[in-house]
Each structure stands twice: as C-alpha cells, then as structure tokens.
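Working notes, beginning with the structure itself.
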Amino acid sequence: AVSEIQEALLINPDSMPSRMLLGRVYSGLNKKDLAIVQFKKVIDQSPDEIEPYLYLGTLYAEKKDYDNAINTFQKLLEKKPDSSAGMYFLGKIYLAIKLYPRAEEYFKKSLEITPDFERAIAGLGDVYTMQEQYDKAIEYYAKALYINPDDSVVRDRLGKIYIKKNSLDKALKEYQVISELEPENMMIHKRLALIHFEQGNYSQALEEFQIILLA
C-alpha cells in the first residue's frame with residue numbers, strides 16, 4: 001500500500017488525499033516519525049484543513065512530545081475555535097502532564113460545544129480521580145456511562161474508585177458488567193475473585209479463580 005501511494009504522489013505531489021492516506025498508513029504501521037512528516041506536508045499545502053492537525057497533534061502526544069502536541073492543537077483552535085475535539089485533546093495532554101486545572105478547563109470547554117461528548121465527560125472523571133476527588137469522579141464517570149454503557153475502560157475506573165471507598169457491592173456490579181462485555185478479560189475475573197473473597201463469598205471467588213486457571 002505504501003509503495004502504491006508513493007507512486008501516486010510522484011505523479012501528483014500536491015494530492016492532499018494521497019498524502020493524508022500515506023500519513024494514516026504510516027501511523028497504522030507505528031511509523032510515527034514518517035507519519036508526522038506527511039501530515040506536516042498536508043498542513044503546509046492546506047493550512048486551513050482541520051483533520052491533519054488532529055492526526056499530527058495526536059502523534060506528538062503519543063511520542064510524549066507534549067510541547068509540539070499542545071502547539072499543534074492550539075493552531076487547530078485558531079483555525080476552528082469551536083472544535084470540541086481540539087479542546088478534548090488539549091485536555092488529555094494537560095492531564096498527562098498533570099496540569100489538572102488546565103485539563104479540567106479544556107474538557108469543560110469541549111463540553112460547552114458538545115455536551116454529550118462521552119470522552120470529555122470521562123476526562124473530567126479522570127481529572128478528579130487523579131486529585132482524589134472521588135465523589136466528583138464518580139459523578140462524571142456515571143454520566144459518561146449513561147451515554148455509553150459499554151465503555152469498559154470507564155466502568156473499570158469507576159470500579160476502582162468503589163474499591164478505594166470500600167463500596168464493594170457497587171464495585172462488584174461494575175466488574176460483573178465488564179465481565180459480560182469482555183468474558184475473556186482475565187484481569188476482570190481476578191478483580192471479581194478478589195471482591196468475592198473480601199466479601200466472604202468464597203465459592204464465587206473460587207469460580208472466578210478457576211476461570212483464570214483454565215484460560
């Protein structure tokens with residue numbers, strides 16, 4: 001696929017769709033530096049297109065090049081101030097570098113634009129979790145799960161908070177749902193086993209451990 005796209009670009013070097021496709025292919029192959037080169041070229045050719053900024057900023061963030069990631073998303077927001085995705089990704093970056101007030105600010109700005117943006121809602125849950133504001137984290141994780149009940153990652157984070165708060169019945173319910181969504185996830189069976197054990201439900205704990213042993 002790469003060679004075919006490169007041949008197309010030799011014929012038409014200004015083809016933005018071909019260059020975007022090449023960047024996405026490189027990204028899928030985990031060749032981040034090569035993908036970055038392509039998306040930067042697209043931006044040079046078409047600076048008002050929003051999509052390449054999203055790809056470029058995300059790649060910088062994955063490389064933990066947070067300064068360039070922030071700069072890229074800020075440029076995106078200069079082009080499109082109402083981009084809830086741009087606000088969300090800035091929130092994610094500030095969360096990663098532990099600037100929690102800034103992360104909270106951008107997640108909330110994202111939600112002002114797109115109120116039902118589940119990932120931004122869950123992002124606020126992450127912000128509050130990292131600051132050990134567990135009641136607020138529970139509130140936002142619950143809101144996210146109302147929108148997307150099948151988000152096992154958010155449900156796992158909620159379960160972990162319930163364990164920290166020693167609300168084992170609530171934690172058990174969350175992990176039982178995840179187990180239904182992901183029956184092959186042995187880490188979830190392990191958590192179920194430990195919760196059952198802590199509650200004195202030894203036969204159910206043993207059942208979960210047997211699932212793990214037979215996997």
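How things are named: the first chain in the structure tokens is A, the next is B, and so on; residues count from 1 in each chain; ligands count from 1 in the order shown.
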
| message | Which residues are near Asn71 (chain A)? Cut-off 12 Å, only C-alpha atoms, ignore same chain within fewer than 4 positions. Put them as a PyMOL selection string. | response | chain A and resi 53-54+56-58+60-61+65-67+75-78+86+89-90+93

Using only all heavy atoms, please write the residues we just selected to a file, as a short mmCIF file (atom, residue, chain, number, x, y, z; two decimals), in the first residue's frame.
data_model
loop_
_atom_site.label_atom_id
_atom_site.label_comp_id
_atom_site.auth_asym_id
_atom_site.auth_seq_id
_atom_site.Cartn_x
_atom_site.Cartn_y
_atom_site.Cartn_z
N TYR A 53 -4.28 18.43 11.51
CA TYR A 53 -3.87 18.90 12.82
C TYR A 53 -4.22 17.88 13.90
O TYR A 53 -3.44 17.65 14.84
CB TYR A 53 -4.54 20.24 13.16
CG TYR A 53 -4.07 21.42 12.35
CD1 TYR A 53 -4.76 21.83 11.22
CD2 TYR A 53 -2.93 22.13 12.72
CE1 TYR A 53 -4.34 22.92 10.47
CE2 TYR A 53 -2.50 23.23 11.98
CZ TYR A 53 -3.20 23.62 10.85
OH TYR A 53 -2.79 24.70 10.11
N LEU A 54 -5.39 17.26 13.77
CA LEU A 54 -5.81 16.24 14.75
C LEU A 54 -4.85 15.05 14.73
O LEU A 54 -4.41 14.57 15.78
CB LEU A 54 -7.23 15.78 14.46
CG LEU A 54 -8.35 16.78 14.73
CD1 LEU A 54 -9.67 16.28 14.16
CD2 LEU A 54 -8.49 17.02 16.23
N LEU A 56 -1.72 15.02 13.53
CA LEU A 56 -0.37 15.44 13.91
C LEU A 56 -0.26 15.64 15.42
O LEU A 56 0.69 15.15 16.05
CB LEU A 56 -0.01 16.74 13.18
CG LEU A 56 1.39 17.30 13.43
CD1 LEU A 56 2.46 16.31 12.99
CD2 LEU A 56 1.56 18.64 12.69
N GLY A 57 -1.23 16.32 16.00
CA GLY A 57 -1.19 16.55 17.45
C GLY A 57 -1.25 15.25 18.24
O GLY A 57 -0.55 15.08 19.24
N THR A 58 -2.09 14.32 17.76
CA THR A 58 -2.21 13.02 18.44
C THR A 58 -0.90 12.24 18.37
O THR A 58 -0.47 11.62 19.36
CB THR A 58 -3.34 12.20 17.80
OG1 THR A 58 -4.57 12.93 17.92
CG2 THR A 58 -3.49 10.86 18.50
N TYR A 60 2.16 13.50 18.07
CA TYR A 60 3.10 14.14 19.00
C TYR A 60 2.81 13.70 20.44
O TYR A 60 3.73 13.41 21.22
CB TYR A 60 3.01 15.66 18.89
CG TYR A 60 3.76 16.27 17.74
CD1 TYR A 60 3.18 17.26 16.93
CD2 TYR A 60 5.08 15.89 17.44
CE1 TYR A 60 3.86 17.83 15.87
CE2 TYR A 60 5.77 16.46 16.38
CZ TYR A 60 5.15 17.43 15.61
OH TYR A 60 5.84 18.01 14.57
N ALA A 61 1.53 13.67 20.79
CA ALA A 61 1.16 13.25 22.15
C ALA A 61 1.58 11.81 22.42
O ALA A 61 2.08 11.48 23.50
CB ALA A 61 -0.34 13.42 22.36
N ASP A 65 5.81 14.09 23.04
CA ASP A 65 6.34 15.39 22.66
C ASP A 65 5.22 16.40 22.92
O ASP A 65 4.55 16.89 22.00
CB ASP A 65 6.74 15.38 21.18
CG ASP A 65 7.41 16.67 20.74
OD1 ASP A 65 7.41 17.64 21.52
OD2 ASP A 65 7.92 16.71 19.60
N TYR A 66 5.02 16.70 24.20
CA TYR A 66 3.83 17.44 24.60
C TYR A 66 3.85 18.89 24.15
O TYR A 66 2.80 19.47 23.87
CB TYR A 66 3.65 17.33 26.11
CG TYR A 66 3.36 15.91 26.56
CD1 TYR A 66 4.17 15.27 27.51
CD2 TYR A 66 2.28 15.20 26.03
CE1 TYR A 66 3.91 13.97 27.91
CE2 TYR A 66 2.02 13.89 26.44
CZ TYR A 66 2.83 13.29 27.37
OH TYR A 66 2.58 12.00 27.77
N ASP A 67 5.03 19.50 24.08
CA ASP A 67 5.10 20.90 23.64
C ASP A 67 4.59 21.04 22.20
O ASP A 67 3.78 21.92 21.90
CB ASP A 67 6.53 21.43 23.74
CG ASP A 67 6.96 21.68 25.18
OD1 ASP A 67 6.08 21.77 26.06
OD2 ASP A 67 8.17 21.77 25.42
N LYS A 75 -2.95 25.61 17.35
CA LYS A 75 -3.09 26.10 15.98
C LYS A 75 -4.42 25.64 15.38
O LYS A 75 -5.08 26.40 14.66
CB LYS A 75 -1.93 25.60 15.13
CG LYS A 75 -0.61 26.30 15.40
CD LYS A 75 0.50 25.76 14.50
CE LYS A 75 1.82 26.48 14.77
NZ LYS A 75 2.92 25.92 13.94
N LEU A 76 -4.81 24.42 15.69
CA LEU A 76 -6.11 23.92 15.22
C LEU A 76 -7.23 24.83 15.73
O LEU A 76 -8.13 25.20 14.96
CB LEU A 76 -6.31 22.49 15.71
CG LEU A 76 -7.60 21.76 15.29
CD1 LEU A 76 -7.37 20.26 15.32
CD2 LEU A 76 -8.77 22.09 16.20
N LEU A 77 -7.16 25.20 17.02
CA LEU A 77 -8.22 26.01 17.61
C LEU A 77 -8.21 27.44 17.06
O LEU A 77 -9.25 28.11 17.08
CB LEU A 77 -8.10 26.00 19.14
CG LEU A 77 -8.43 24.66 19.79
CD1 LEU A 77 -8.11 24.68 21.27
CD2 LEU A 77 -9.89 24.29 19.57
N GLU A 78 -7.06 27.90 16.60
CA GLU A 78 -7.02 29.19 15.92
C GLU A 78 -7.80 29.12 14.61
O GLU A 78 -8.47 30.09 14.22
CB GLU A 78 -5.57 29.60 15.64
CG GLU A 78 -4.78 29.99 16.89
CD GLU A 78 -3.31 30.21 16.60
OE1 GLU A 78 -2.93 30.21 15.41
OE2 GLU A 78 -2.53 30.36 17.56
N GLY A 86 -10.56 19.36 19.41
CA GLY A 86 -9.32 20.06 19.75
C GLY A 86 -9.25 20.36 21.23
O GLY A 86 -8.19 20.19 21.87
N PHE A 89 -8.55 17.05 23.16
CA PHE A 89 -7.18 16.56 23.10
C PHE A 89 -6.23 17.43 23.92
O PHE A 89 -5.29 16.91 24.54
CB PHE A 89 -6.71 16.45 21.65
CG PHE A 89 -7.23 15.24 20.94
CD1 PHE A 89 -8.10 15.36 19.86
CD2 PHE A 89 -6.88 13.96 21.36
CE1 PHE A 89 -8.59 14.24 19.21
CE2 PHE A 89 -7.37 12.83 20.72
CZ PHE A 89 -8.23 12.97 19.64
N LEU A 90 -6.47 18.73 23.96
CA LEU A 90 -5.67 19.57 24.85
C LEU A 90 -5.89 19.16 26.31
O LEU A 90 -4.94 19.12 27.10
CB LEU A 90 -6.02 21.04 24.64
CG LEU A 90 -5.26 21.77 23.53
CD1 LEU A 90 -5.81 23.17 23.33
CD2 LEU A 90 -3.76 21.84 23.83
N ILE A 93 -3.84 16.09 27.00
CA ILE A 93 -2.40 16.37 27.14
C ILE A 93 -2.12 16.99 28.50
O ILE A 93 -1.17 16.58 29.20
CB ILE A 93 -1.92 17.29 26.00
CG1 ILE A 93 -2.00 16.55 24.66
CG2 ILE A 93 -0.49 17.75 26.26
CD1 ILE A 93 -1.91 17.46 23.46
#

What are the closest atom pairs, with distances in Å to one decimal, for all residues of region 121-141 of chain A lying within 9 Å of region 98-106 of chain A? Consider only C-alpha atoms, order rows by chain and residue number, and present the result as CSV.
residue,atom,partner,partner_atom,distance
A:Gly123,CA,A:Glu104,CA,8.1
A:Leu124,CA,A:Glu104,CA,6.1
A:Val127,CA,A:Tyr100,CA,6.1
A:Tyr128,CA,A:Tyr100,CA,8.4
A:Met130,CA,A:Tyr100,CA,8.2
A:Gln131,CA,A:Tyr100,CA,8.0

Can you spit out the residues from that selection as a CSV table (one decimal), in the first residue's frame, using N, CA, C and O atoms?
chain,number,residue,atom,x,y,z
A,123,GLY,N,-13.1,12.3,30.8
A,123,GLY,CA,-11.8,13.0,31.0
A,123,GLY,C,-11.9,13.8,32.3
A,123,GLY,O,-11.0,13.8,33.1
A,124,LEU,N,-13.1,14.4,32.6
A,124,LEU,CA,-13.3,15.1,33.8
A,124,LEU,C,-13.2,14.1,35.0
A,124,LEU,O,-12.7,14.4,36.1
A,127,VAL,N,-9.7,13.6,35.7
A,127,VAL,CA,-9.1,14.7,36.4
A,127,VAL,C,-9.3,14.7,37.9
A,127,VAL,O,-8.4,14.8,38.7
A,128,TYR,N,-10.6,14.4,38.2
A,128,TYR,CA,-11.0,14.3,39.6
A,128,TYR,C,-10.4,13.1,40.3
A,128,TYR,O,-10.0,13.2,41.5
A,130,MET,N,-7.5,11.7,39.7
A,130,MET,CA,-6.1,12.0,39.9
A,130,MET,C,-5.9,12.9,41.1
A,130,MET,O,-4.8,12.9,41.7
A,131,GLN,N,-6.9,13.7,41.4
A,131,GLN,CA,-6.8,14.6,42.5
A,131,GLN,C,-7.5,14.1,43.8
A,131,GLN,O,-7.7,14.8,44.8

| said: For Arg191 (chain A), find every residue with an atom within 9 Å (counting only C-alpha atoms), except residues of its own chain fewer than 6 positions away, and show them as a PyMOL selection string. | reply: chain A and resi 172+175+208

For Tyr141 (chain A), list every protein, DNA or RNA residue within 7 Å, evaluated using only C-alpha atoms, and leave out those in the same chain fewer than 5 positions away; present the list as an mmCIF file with N, CA, C and O atoms, in the first residue's frame.
data_model
loop_
_atom_site.group_PDB
_atom_site.id
_atom_site.type_symbol
_atom_site.label_atom_id
_atom_site.label_comp_id
_atom_site.auth_asym_id
_atom_site.auth_seq_id
_atom_site.Cartn_x
_atom_site.Cartn_y
_atom_site.Cartn_z
ATOM 1 N N ALA A 122 -15.775 11.681 30.585
ATOM 2 C CA ALA A 122 -14.903 10.732 31.283
ATOM 3 C C ALA A 122 -13.560 11.379 31.625
ATOM 4 O O ALA A 122 -12.959 11.067 32.659
ATOM 5 N N GLY A 125 -13.811 12.954 34.793
ATOM 6 C CA GLY A 125 -13.703 11.924 35.826
ATOM 7 C C GLY A 125 -12.260 11.585 36.128
ATOM 8 O O GLY A 125 -11.867 11.422 37.292
ATOM 9 N N VAL A 154 -14.028 3.052 31.218
ATOM 10 C CA VAL A 154 -14.614 3.968 32.208
ATOM 11 C C VAL A 154 -15.232 3.177 33.355
ATOM 12 O O VAL A 154 -15.080 3.532 34.534
ATOM 13 N N LEU A 158 -14.367 3.411 37.361
ATOM 14 C CA LEU A 158 -15.398 3.591 38.382
ATOM 15 C C LEU A 158 -15.313 2.479 39.424
ATOM 16 O O LEU A 158 -15.396 2.735 40.639
#

| What is the distance between CA of His196 (chain A) and CA of Ser167 (chain A), in Å to one decimal? |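 Value for the CA of His196 (chain A)-CA of Ser167 (chain A) distance: 12.5 Å.
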
| said: Residues near Lys79 (chain A), anyone? I mean within 9 Å using only C-alpha atoms, not counting same-chain ones fewer than 3 positions away, as a VMD selection string. | reply: chain A and resid 47 to 50 74 to 76

Any idea what's packed within 8 Å of Ile121 (chain A), counting only C-alpha atoms, ignoring anything in its chain fewer than 4 positions away? Could you give it as a PDB file with all heavy atoms, in the first residue's frame?
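The resulting file, part_37.pdb, is reproduced below:
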ATOM      1  N   PHE A 107     -11.494  20.249  29.085  1.00  0.00           N
ATOM      2  CA  PHE A 107     -12.583  19.273  28.997  1.00  0.00           C
ATOM      3  C   PHE A 107     -13.939  19.987  29.095  1.00  0.00           C
ATOM      4  O   PHE A 107     -14.886  19.660  28.375  1.00  0.00           O
ATOM      5  CB  PHE A 107     -12.468  18.216  30.089  1.00  0.00           C
ATOM      6  CG  PHE A 107     -11.377  17.205  29.860  1.00  0.00           C
ATOM      7  CD1 PHE A 107     -10.547  16.808  30.904  1.00  0.00           C
ATOM      8  CD2 PHE A 107     -11.173  16.634  28.617  1.00  0.00           C
ATOM      9  CE1 PHE A 107      -9.535  15.866  30.701  1.00  0.00           C
ATOM     10  CE2 PHE A 107     -10.179  15.696  28.402  1.00  0.00           C
ATOM     11  CZ  PHE A 107      -9.359  15.315  29.449  1.00  0.00           C
ATOM     12  N   LEU A 111     -17.057  20.344  26.380  1.00  0.00           N
ATOM     13  CA  LEU A 111     -18.451  20.000  26.673  1.00  0.00           C
ATOM     14  C   LEU A 111     -19.395  21.172  26.458  1.00  0.00           C
ATOM     15  O   LEU A 111     -20.586  20.969  26.222  1.00  0.00           O
ATOM     16  CB  LEU A 111     -18.561  19.482  28.110  1.00  0.00           C
ATOM     17  CG  LEU A 111     -17.923  18.108  28.330  1.00  0.00           C
ATOM     18  CD1 LEU A 111     -17.837  17.782  29.810  1.00  0.00           C
ATOM     19  CD2 LEU A 111     -18.705  17.027  27.594  1.00  0.00           C
ATOM     20  N   ASP A 116     -22.717  16.165  25.060  1.00  0.00           N
ATOM     21  CA  ASP A 116     -22.791  14.712  25.268  1.00  0.00           C
ATOM     22  C   ASP A 116     -21.519  14.000  24.791  1.00  0.00           C
ATOM     23  O   ASP A 116     -21.561  12.809  24.464  1.00  0.00           O
ATOM     24  CB  ASP A 116     -24.014  14.123  24.582  1.00  0.00           C
ATOM     25  CG  ASP A 116     -24.001  14.350  23.066  1.00  0.00           C
ATOM     26  OD1 ASP A 116     -23.149  15.128  22.599  1.00  0.00           O
ATOM     27  OD2 ASP A 116     -24.834  13.736  22.368  1.00  0.00           O
ATOM     28  N   PHE A 117     -20.401  14.721  24.759  1.00  0.00           N
ATOM     29  CA  PHE A 117     -19.117  14.141  24.339  1.00  0.00           C
ATOM     30  C   PHE A 117     -18.609  13.239  25.465  1.00  0.00           C
ATOM     31  O   PHE A 117     -18.012  13.696  26.431  1.00  0.00           O
ATOM     32  CB  PHE A 117     -18.131  15.259  24.031  1.00  0.00           C
ATOM     33  CG  PHE A 117     -16.858  14.831  23.342  1.00  0.00           C
ATOM     34  CD1 PHE A 117     -15.925  15.780  22.962  1.00  0.00           C
ATOM     35  CD2 PHE A 117     -16.576  13.501  23.074  1.00  0.00           C
ATOM     36  CE1 PHE A 117     -14.741  15.417  22.342  1.00  0.00           C
ATOM     37  CE2 PHE A 117     -15.403  13.121  22.447  1.00  0.00           C
ATOM     38  CZ  PHE A 117     -14.479  14.094  22.082  1.00  0.00           C
ATOM     39  N   GLY A 125     -13.811  12.954  34.793  1.00  0.00           N
ATOM     40  CA  GLY A 125     -13.703  11.924  35.826  1.00  0.00           C
ATOM     41  C   GLY A 125     -12.260  11.585  36.128  1.00  0.00           C
ATOM     42  O   GLY A 125     -11.867  11.422  37.292  1.00  0.00           O
ATOM     43  N   TYR A 140     -19.006  12.023  37.243  1.00  0.00           N
ATOM     44  CA  TYR A 140     -18.726  12.181  35.815  1.00  0.00           C
ATOM     45  C   TYR A 140     -18.578  10.838  35.103  1.00  0.00           C
ATOM     46  O   TYR A 140     -18.987  10.700  33.947  1.00  0.00           O
ATOM     47  CB  TYR A 140     -17.513  13.083  35.607  1.00  0.00           C
ATOM     48  CG  TYR A 140     -17.891  14.538  35.750  1.00  0.00           C
ATOM     49  CD1 TYR A 140     -17.772  15.192  36.965  1.00  0.00           C
ATOM     50  CD2 TYR A 140     -18.422  15.239  34.674  1.00  0.00           C
ATOM     51  CE1 TYR A 140     -18.160  16.514  37.107  1.00  0.00           C
ATOM     52  CE2 TYR A 140     -18.808  16.562  34.800  1.00  0.00           C
ATOM     53  CZ  TYR A 140     -18.672  17.194  36.014  1.00  0.00           C
ATOM     54  OH  TYR A 140     -19.063  18.507  36.153  1.00  0.00           O
ATOM     55  N   TYR A 141     -18.009   9.847  35.789  1.00  0.00           N
ATOM     56  CA  TYR A 141     -17.958   8.519  35.170  1.00  0.00           C
ATOM     57  C   TYR A 141     -19.362   7.976  34.949  1.00  0.00           C
ATOM     58  O   TYR A 141     -19.650   7.350  33.922  1.00  0.00           O
ATOM     59  CB  TYR A 141     -17.151   7.558  36.040  1.00  0.00           C
ATOM     60  CG  TYR A 141     -15.660   7.776  36.017  1.00  0.00           C
ATOM     61  CD1 TYR A 141     -14.884   7.520  37.146  1.00  0.00           C
ATOM     62  CD2 TYR A 141     -15.009   8.221  34.872  1.00  0.00           C
ATOM     63  CE1 TYR A 141     -13.511   7.704  37.133  1.00  0.00           C
ATOM     64  CE2 TYR A 141     -13.638   8.416  34.849  1.00  0.00           C
ATOM     65  CZ  TYR A 141     -12.888   8.156  35.990  1.00  0.00           C
ATOM     66  OH  TYR A 141     -11.539   8.342  35.973  1.00  0.00           O
ATOM     67  N   LYS A 143     -22.044   9.744  34.420  1.00  0.00           N
ATOM     68  CA  LYS A 143     -22.604  10.471  33.278  1.00  0.00           C
ATOM     69  C   LYS A 143     -22.090   9.893  31.960  1.00  0.00           C
ATOM     70  O   LYS A 143     -22.845   9.742  30.998  1.00  0.00           O
ATOM     71  CB  LYS A 143     -22.248  11.956  33.372  1.00  0.00           C
ATOM     72  CG  LYS A 143     -23.009  12.726  34.441  1.00  0.00           C
ATOM     73  CD  LYS A 143     -22.574  14.190  34.453  1.00  0.00           C
ATOM     74  CE  LYS A 143     -23.340  14.976  35.509  1.00  0.00           C
ATOM     75  NZ  LYS A 143     -22.889  16.395  35.565  1.00  0.00           N
ATOM     76  N   ALA A 144     -20.793   9.590  31.928  1.00  0.00           N
ATOM     77  CA  ALA A 144     -20.203   9.011  30.710  1.00  0.00           C
ATOM     78  C   ALA A 144     -20.832   7.658  30.401  1.00  0.00           C
ATOM     79  O   ALA A 144     -21.122   7.353  29.235  1.00  0.00           O
ATOM     80  CB  ALA A 144     -18.692   8.888  30.875  1.00  0.00           C
TER      81      ALA A 144
END

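Picture a line from CA of Ile178 (chain A) to CA of Glu132 (chain A); it runs 23.4 Å.
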
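In this model, the gap between CA of Leu21 (chain A) and CA of Ser3 (chain A) comes to 12.0 Å.
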
| Which of region 63-205 of chain A counts as alpha helix (DSSP H) under DSSP, as a PyMOL selection string please? | chain A and resi 66-79+84-96+100-113+118-130+134-147+152-164+168-181+186-198+202-205

| task | Rank A:Leu214, A:Met20, A:Ala193, A:Val25 by their smallest atom-to-atom distance to Lys40 (chain A), using only C-alpha atoms, and report the top residue only. | result |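 For Lys40 (chain A), the nearest of the given residues is A:Met20.
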
Need to verify the contact set: Arg19 (chain A), 9 Å, only C-alpha atoms, exclusion of same-chain residues closer than 6 positions in sequence. Can you return it as a PDB file with C-alpha atoms, in the first residue's frame?
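Output contents, as saved in around09.pdb:
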ATOM      1  CA  ILE A   5       0.567   5.727  -2.562  1.00  0.00           C
ATOM      2  CA  GLN A   6       4.143   6.932  -3.043  1.00  0.00           C
ATOM      3  CA  LEU A   9       2.418  11.172  -5.095  1.00  0.00           C
ATOM      4  CA  PRO A  13       2.849  15.607  -5.308  1.00  0.00           C
ATOM      5  CA  GLN A  38       3.291  13.566   5.826  1.00  0.00           C
ATOM      6  CA  PHE A  39       0.776  15.406   7.998  1.00  0.00           C
ATOM      7  CA  LYS A  41       3.302  18.498   4.458  1.00  0.00           C
ATOM      8  CA  VAL A  42      -0.504  18.391   4.232  1.00  0.00           C
TER       9      VAL A  42
END

| From the set A:Ala96, A:Asn166, A:Gly91, A:Glu174, which residue has the shortest atom-to-atom contact distance to Lys108 (chain A), counting only C-alpha atoms? |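 For Lys108 (chain A), the nearest of the candidates is A:Gly91.
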
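You can rank A:Asn68, A:Thr114, A:Asn201, A:Ser179 by their closest distance to Ser83 (chain A) using only C-alpha atoms, and at the top of that list sits A:Thr114.
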